[in-house]
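Remarks on the structure that follows.
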Amino acid sequence: MTRRVYAGGTIVDPVLGRTEADVLVEGDRILEVGSGLDGDEVVDCSGKFLTPGLFDCHVHLAYTHINLWRHIHTPLSYNFYLAIGNMMRTLECGITSVRDASGADLGMKEAVDDGLVPGPRMQISLAMMSQTGGHGDGWNPSGIPVRLATQYPGRPSGLADGPEEVRKKVRELVRAGADVIKVATSGGVLSPRDEPTHAHYRPEELEILVAEAEAAGIWVMAHAQAAEGIKNAVRAGIRSIEHGIYLDDEAIELMLEHGTYLVPTLVAPTGVEKAVEAGAQISEAALRKAGEVIEIHRESFSKAVAAGVNIAMGTDSAVTPHGDNLEELELMVDGGQTPQQAFASATIEAARLMGVNDDLGSLEPGKLADLVVVGSDPLEFSTLKSGIEQVWKAGKRLV
Ligand SMILES: [Zn+2]
């Protein structure tokens with residue numbers, strides 16, 4: 001097996017810290033980190049920085065934008081070709097691992113794993129489970145169902161009501177390849193007929209949902225914006241709160257007690273406004289709600305940071321353009337995280353959230369060789385994207 005040494009650079013790593021060291025890679029794994037290492041091949045990193053591959057724990061790789069009008073005029077399969085570009089733009093951010101929060105299916109994941117198309121490795125959720133009238137219900141006042149997620153055999157509907165339907169839906173999603181179950185425990189922004197402040201699903205439904213996921217050995221992620229929806233999710237044992245817009249003190253206490261992660265997606269609400277300014281057609285209700293949640297979202301995030309809640313980076317990309325993912329890091333720092341903390345949220349903490357920290361999230365020997373070569377200081381987030389020169393995933397160069 002070829003041994004490749006990344007020589008002469010400065011490592012910026014959430015576990016190893018900032019240090020001048022070489023990284024020796026054999027095959028798809030990191031063999032050694034130290035000085036004066038030898039290899040068959042050398043990647044000259046002098047004057048440059050090396051970081052582990054980054055994570056985005058909330059993306060929608062199969063969606064490209066939120067313009068519903070454009071969406072209904074796009075052939076279904078055209079979206080898969082668009083997804084190839086979405087995945088490449090994600091890799092160009094140094095992001096080599098993602099959790100897809102609905103949209104990507106098993107075919108996309110396997111195509112990437114088999115090397116048919118370059119993309120980040122992914123944990124997929126397929127569809128968002130939602131109650132009738134919830135965030136995942138594509139019902140509109142006209143009676144014309146329009147949703148970003150067209151359903152087909154590999155991407156079933158996520159609608160289910162009552163414990164028994166919920167139980168069956170989890171099994172159906174697991175059968176179709178879900179690595180994680182996504183559920184909406186509150187209303188949301190982009191759906192026209194619900195409110196972010198309302199809790200969705202009752203505790204007995206969430207209890208069965210989590211039990212079925214656990215039986216399949218997988219975790220649950222909750223789109224949760226309302227305080228009550230967040231608390232119901234945490235009490236039910238859901239692993240991560242996505243967005244977490246209306247976090248009150250009790251919700252934060254519960255998250256600390258349960259070790260629940262927050263995946264804030266701070267860029268998403270402003271992304272909705274920007275998309276509309278750029279001509280995207282969405283419902284007026286969705287635009288109103290985006291405006292209403294921006295400030296409180298940022299306040300909630302700051303409270304969670306101050307309290308020490310586990311935080312993993314996620315963006316909701318597709319709501320914002322794929323490739324803009326790293327803007328989230330700047331907002332996380334604005335919200336009170338140190339650059340080191342935000343960087344950890346996009347590496348080792350994200351790996352912990354996804355249960356892959358034995359293999360990913362840092363440059364420790366034995367882990368998969370996901371490396372990013374950066375020409376500028378990686379903790380200067382405003383220049384991180386433009387500074388990225390090379391992206392390697394499991395020992396293969398993709399960017
Ligand atoms: Zn999302």
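Residue numbering restarts at 1 in every chain; chains get A, B, ... in the order shown in the structure tokens, and ligands count up from 1 in that same order.
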
Margin query: DSSP on the backbone, alpha helix (DSSP H) only: what residues of region 139-273 of chain A does that give? Format it as a PyMOL selection string.
Written below: chain A and resi 162-175+203-215+227-235+249-258+267-273

Please tabulate, as JSON lines, the residues of chain A that come within 8 Å of ligand 1, each with its closest pair of atoms and the distance in Å to one decimal, counting only C-alpha atoms and all ligand atoms and ordering rows by chain, then residue number upward.
{"residue": "A:His58", "atom": "CA", "partner": "ligand 1", "partner_atom_place_in_ligand_line": "1 (Zn)", "distance": 6.2}
{"residue": "A:Val59", "atom": "CA", "partner": "ligand 1", "partner_atom_place_in_ligand_line": "1 (Zn)", "distance": 6.4}
{"residue": "A:His60", "atom": "CA", "partner": "ligand 1", "partner_atom_place_in_ligand_line": "1 (Zn)", "distance": 6.6}
{"residue": "A:Ala101", "atom": "CA", "partner": "ligand 1", "partner_atom_place_in_ligand_line": "1 (Zn)", "distance": 5.6}
{"residue": "A:Ser102", "atom": "CA", "partner": "ligand 1", "partner_atom_place_in_ligand_line": "1 (Zn)", "distance": 7.2}
{"residue": "A:His223", "atom": "CA", "partner": "ligand 1", "partner_atom_place_in_ligand_line": "1 (Zn)", "distance": 7.4}
{"residue": "A:Glu242", "atom": "CA", "partner": "ligand 1", "partner_atom_place_in_ligand_line": "1 (Zn)", "distance": 7.9}
{"residue": "A:Thr315", "atom": "CA", "partner": "ligand 1", "partner_atom_place_in_ligand_line": "1 (Zn)", "distance": 7.9}
{"residue": "A:Asp316", "atom": "CA", "partner": "ligand 1", "partner_atom_place_in_ligand_line": "1 (Zn)", "distance": 4.5}
{"residue": "A:Ser317", "atom": "CA", "partner": "ligand 1", "partner_atom_place_in_ligand_line": "1 (Zn)", "distance": 7.5}
{"residue": "A:Val319", "atom": "CA", "partner": "ligand 1", "partner_atom_place_in_ligand_line": "1 (Zn)", "distance": 7.6}

Please produce a file of the residues just selected, as a compact mmCIF listing (two decimals), in the first residue's frame, where the atoms kept are N, CA and C atoms.
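Okay, this is what ended up in result-v7.txt:
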# COMPACT_ATOMS: atom_id res chain seq x y z
N HIS A 58 -26.64 18.73 8.89
CA HIS A 58 -28.01 18.98 8.41
C HIS A 58 -27.95 19.57 7.00
N VAL A 59 -27.97 18.70 6.02
CA VAL A 59 -28.01 19.15 4.62
C VAL A 59 -29.15 18.44 3.91
N HIS A 60 -29.49 18.97 2.74
CA HIS A 60 -30.45 18.29 1.85
C HIS A 60 -29.79 18.21 0.48
N ALA A 101 -30.78 15.45 5.96
CA ALA A 101 -31.98 15.61 6.79
C ALA A 101 -33.27 15.45 6.01
N SER A 102 -33.23 14.70 4.96
CA SER A 102 -34.31 14.25 4.08
C SER A 102 -34.01 14.65 2.66
N HIS A 223 -36.53 17.85 13.80
CA HIS A 223 -36.82 19.24 13.44
C HIS A 223 -37.68 19.76 14.58
N GLU A 242 -32.81 19.87 15.84
CA GLU A 242 -32.43 20.64 14.66
C GLU A 242 -33.13 21.99 14.74
N THR A 315 -26.38 23.14 8.51
CA THR A 315 -26.72 24.37 7.78
C THR A 315 -28.11 24.41 7.17
N ASP A 316 -28.70 23.23 6.91
CA ASP A 316 -29.95 23.16 6.14
C ASP A 316 -29.70 23.52 4.66
N SER A 317 -28.48 23.32 4.18
CA SER A 317 -28.16 23.66 2.79
C SER A 317 -29.16 23.03 1.83
N VAL A 319 -31.74 25.14 1.51
CA VAL A 319 -32.42 26.39 1.89
C VAL A 319 -31.47 27.55 1.57

Checklist line | Who sits within 9 Å of region 70-81 of chain A, only C-alpha atoms, same chain under 3 positions skipped, as a list of chain:residue names | finding: A:Ala62, A:Tyr63, A:Thr64, A:His65, A:Ile66, A:Asn67, A:Ile84, A:Gly85, A:Met108, A:Val146, A:Arg147, A:Leu148, A:Thr150, A:Ala280, A:Gln281

Checklist line | Asp100 (chain A) environment, 8 Å, only C-alpha atoms, sequence neighbours closer than 3 positions dropped, as an NGL selection string | finding: :A and (57-61 or 103-104 or 122-126)

Checklist line | Selection: 12 Å around Cys93 (chain A), only C-alpha atoms, excl. self and same-chain fewer than 3 positions, as a PyMOL selection string | finding: chain A and resi 53-56+86-90+96-98+119-120+322-329+346+371-374+378+381+383-392+398-399

Note to self: Calculated over only C-alpha atoms, which of the candidates A:Pro118, A:Gly36, A:Gly154, A:Pro14 has the smallest distance to Leu50 (chain A)?
What the structure shows: A:Pro14

Check: DSSP on the backbone: what in region 77-278 of chain A comes out strand (DSSP E or B), as a ChimeraX atom specification?
Finding: /A:95-100,121-124,128-130,152,155,159,180-184,186,199,219-224,240-243,261-263

Checklist line | Separation of CA of Leu31 (chain A) from CA of Ser362 (chain A), in Å and rounded to one decimal | finding: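 Taking CA of Leu31 (chain A) and CA of Ser362 (chain A), their separation equals 12.9 Å.
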
Next item on the list: Give me the residues within 10 Å of Arg352 (chain A) as a list in words, counting only C-alpha atoms and dropping any in the same chain fewer than 5 places off.
Entry: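 In the requested form, the answer reads Tyr261, Asn310, Ala312, Ser345, Thr347, Asn357, Asp358, Leu360 and Gly361 of chain A.
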
Item checked: Among the residues A:Gly34, A:Gly17, A:Gly138, A:Gly395, the one that comes closest to Arg3 (chain A) [using only C-alpha atoms] -> A:Gly395

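Minimum distance to Gly366 (chain A) across A:Ala394, A:Leu206, A:Leu91, A:Ala83 (counting only C-alpha atoms) occurs at A:Ala394.
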
Check: Which is closer to Thr338 (chain A) than all the others in A:Asp114, A:Glu253, A:Asp137, A:Glu380, using only C-alpha atoms?
Finding: A:Glu380

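Excluding Tyr201 (chain A) and any residue on its chain fewer than 6 positions from it, the residues at most 9 Å away by only C-alpha atoms are Ser130, Gln131, Gly134, Asp161, Gly162, Ala184, Thr185, Ser186, Gly229 and Asn232 of chain A.
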
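Minimum atom-to-atom distance to Ala344 (chain A), evaluated using only C-alpha atoms, belongs to A:Asp13 out of A:Asp179, A:Glu41, A:Glu26, A:Asp13.
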